[in-house]
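To be precise, the following lines are target-v3.txt, and they hold compact mmCIF, C-alpha atoms.
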```
# COMPACT_ATOMS: atom_id res chain seq x y z
CA MET V 12 0.00 0.00 0.00
CA SER V 13 2.99 2.33 0.14
CA ASP V 14 2.31 3.35 -3.47
CA VAL V 15 -0.91 4.99 -2.22
CA PHE V 16 -0.43 5.71 1.49
CA SER V 17 2.26 7.29 3.59
CA TYR V 18 2.80 5.83 7.06
CA GLU V 19 3.78 8.33 9.69
CA SER V 20 4.60 8.23 13.41
CA HIS V 21 2.53 8.20 16.58
CA THR V 22 5.51 6.87 18.63
CA HIS V 23 6.66 3.27 18.81
CA HIS V 24 5.67 2.15 22.32
CA LEU V 25 4.68 5.40 24.04
CA HIS V 26 1.09 5.65 22.88
CA LYS V 27 -0.31 4.82 26.28
CA PHE V 28 -1.01 6.49 29.56
CA ASP V 29 1.44 6.42 32.41
CA GLY V 30 -0.69 6.16 35.53
CA SER V 31 -3.96 8.00 34.95
CA THR V 32 -4.33 10.36 32.01
CA THR V 33 -0.80 11.53 31.23
CA SER V 34 0.82 10.29 28.03
CA GLN V 35 4.13 8.51 28.40
CA VAL V 36 5.53 11.08 25.97
CA LEU V 37 5.38 13.48 28.93
CA THR V 38 6.49 11.13 31.70
CA LYS V 39 9.49 9.45 30.07
CA THR V 40 12.88 11.13 29.86
CA ASP V 41 13.78 13.13 26.77
CA ALA V 42 16.28 10.40 25.86
CA GLU V 43 13.62 7.68 26.12
CA VAL V 44 11.19 9.70 23.98
CA PHE V 45 13.92 10.39 21.41
CA THR V 46 14.87 6.70 21.16
CA ASP V 47 11.24 5.58 20.92
CA ILE V 48 10.35 8.01 18.15
CA GLN V 49 13.60 7.29 16.33
CA THR V 50 12.69 3.57 16.43
CA SER V 51 9.30 4.40 14.94
CA GLN V 52 10.97 6.41 12.18
CA GLY V 53 13.27 3.50 11.37
CA ILE V 54 10.41 1.04 11.12
CA LEU V 55 8.32 3.40 9.00
CA GLY V 56 11.15 4.38 6.68
CA GLY V 57 12.09 7.86 7.82
CA CYS V 58 8.73 9.53 8.34
CA LYS V 59 8.50 13.32 8.75
CA TYR V 60 4.98 13.76 10.18
CA PHE V 61 3.83 13.08 13.72
CA ALA V 62 0.61 12.86 15.73
CA TYR V 63 0.99 13.53 19.45
CA PRO V 64 -0.39 10.63 21.53
CA PHE V 65 -3.63 11.83 23.14
CA GLY V 66 -2.68 15.30 21.90
CA GLN V 67 -0.17 15.65 24.73
CA TYR V 68 3.23 17.25 24.21
CA ASP V 69 5.59 19.83 25.66
CA THR V 70 8.62 21.81 24.51
CA GLY V 71 10.81 18.75 25.06
CA THR V 72 8.64 16.74 22.67
CA ILE V 73 8.78 19.51 20.08
CA ASN V 74 12.57 19.74 20.40
CA THR V 75 12.85 15.96 19.96
CA LEU V 76 10.78 16.10 16.78
CA LYS V 77 12.90 18.97 15.44
CA SER V 78 16.12 17.08 16.13
CA LEU V 79 14.76 14.01 14.33
CA GLY V 80 13.80 16.04 11.27
CA PHE V 81 10.02 16.03 11.60
CA THR V 82 8.39 18.82 9.61
CA ILE V 83 4.75 18.58 10.71
CA ALA V 84 3.04 17.45 13.92
CA VAL V 85 -0.68 17.52 14.68
CA THR V 86 -2.40 18.08 17.99
CA THR V 87 -5.92 17.17 19.01
CA LYS V 88 -6.92 20.84 19.11
CA ASN V 89 -9.97 21.27 16.94
CA GLY V 90 -9.51 23.79 14.17
CA LYS V 91 -8.29 24.44 10.69
CA VAL V 92 -4.67 25.21 9.94
CA THR V 93 -4.00 28.86 9.39
CA LEU V 94 -1.20 30.60 7.57
CA GLY V 95 1.76 31.05 9.88
CA GLU V 96 0.68 28.37 12.35
CA ASN V 97 3.52 26.51 14.06
CA ARG V 98 4.05 23.42 11.88
CA LEU V 99 4.83 21.28 14.94
CA GLU V 100 1.61 22.30 16.73
CA MET V 101 -1.01 22.10 14.00
CA ASP V 102 -4.73 21.99 14.75
CA ARG V 103 -6.91 19.52 12.89
CA VAL V 104 -10.51 18.82 12.09
CA GLY V 105 -11.79 15.57 13.58
CA VAL V 106 -13.87 13.32 11.36
CA LEU V 107 -15.34 10.47 13.38
CA PRO V 108 -17.14 7.36 12.12
CA GLY V 109 -20.68 8.12 11.03
CA VAL V 110 -19.94 11.58 9.65
CA GLY V 111 -21.94 11.99 6.46
CA LEU V 112 -20.75 13.66 3.29
CA THR V 113 -22.61 16.92 3.98
CA GLU V 114 -21.19 17.22 7.51
CA PHE V 115 -17.72 16.35 6.19
CA ALA V 116 -18.01 19.08 3.54
CA ASP V 117 -19.07 21.59 6.21
CA LYS V 118 -16.07 20.67 8.36
CA VAL V 119 -13.50 21.15 5.62
CA ASP V 120 -15.11 24.06 3.77
CA ASN V 121 -13.22 27.34 4.00
```

Show me this structure written as structure tokens.
Amino acid sequence: MSDVFSYESHTHHLHKFDGSTTSQVLTKTDAEVFTDIQTSQGILGGCKYFAYPFGQYDTGTINTLKSLGFTIAVTTKNGKVTLGENRLEMDRVGVLPGVGLTEFADKVDN
């Protein structure tokens, strides 16, 4: 399917909560996060786009992505991307199962 789809990163093994509702991306050391995401990149063939697990990140996460060459990262903040938005903190429009074509068109219409 790689001729049609691009596979990007959501971490390797850190897409889970550590304790209650805090993503392991925030509770592991910067070195652990770096190694995990680097592993994901290796498996996926050098991806450049990232989705923050549960939408959680901090400046350390952003710095890790920069150092690994990521160019875009999406949050779970609802909204459309605007000109000048930080490319490593991009909003996005959620489209959940059951969304009809009309609702989808309304969501993505400018």

Exercise. Using all atoms listed in the file, which of the listed residues (V:Gln49, V:Asn121, V:Thr87, V:Asn97) sits closest to Tyr68 of chain V?
Worked result: V:Thr87

For this session: May I have the protein, DNA and RNA residues with an atom at most 12 Å from (-5.8, 23.1, 8.4), counting all atoms listed in the file in the file's coordinates, returned as a PyMOL selection string?
Result: chain V and resi 83-86+88-98+100-105+118-121

Seminar exercise, completed: Between atom CA of Tyr18 of chain V and atom CA of Phe45 of chain V lies a distance of 18.7 Å

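Rounded to one decimal, atom CA of His26 of chain V and atom CA of Gly53 of chain V lie 16.9 Å from each other.
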
Could you work out an axis-aligned box for segment 43-46 of chain V, taking every atom the file lists and adding 6 Å on each side, and report centre and edge lengths in Å to one decimal, as lines of an AutoDock Vina configuration file?
```
center_x = 13.0
center_y = 8.5
center_z = 23.6
size_x = 15.7
size_y = 15.7
size_z = 17.0
```

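Restricting the calculation to all atoms listed in the file, the smallest distance between Leu55 of chain V and any of V:Thr113, V:Thr38, V:Ser20, V:Ser31 is found for V:Ser20.
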
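Between atom CA of Ile54 of chain V and atom CA of Thr75 of chain V lies a distance of 17.5 Å.
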
Exercise. Closest to Val44 of chain V among V:Lys59, V:Phe65, V:Ile73, V:Thr32, using only C-alpha atoms?
Worked result: V:Ile73
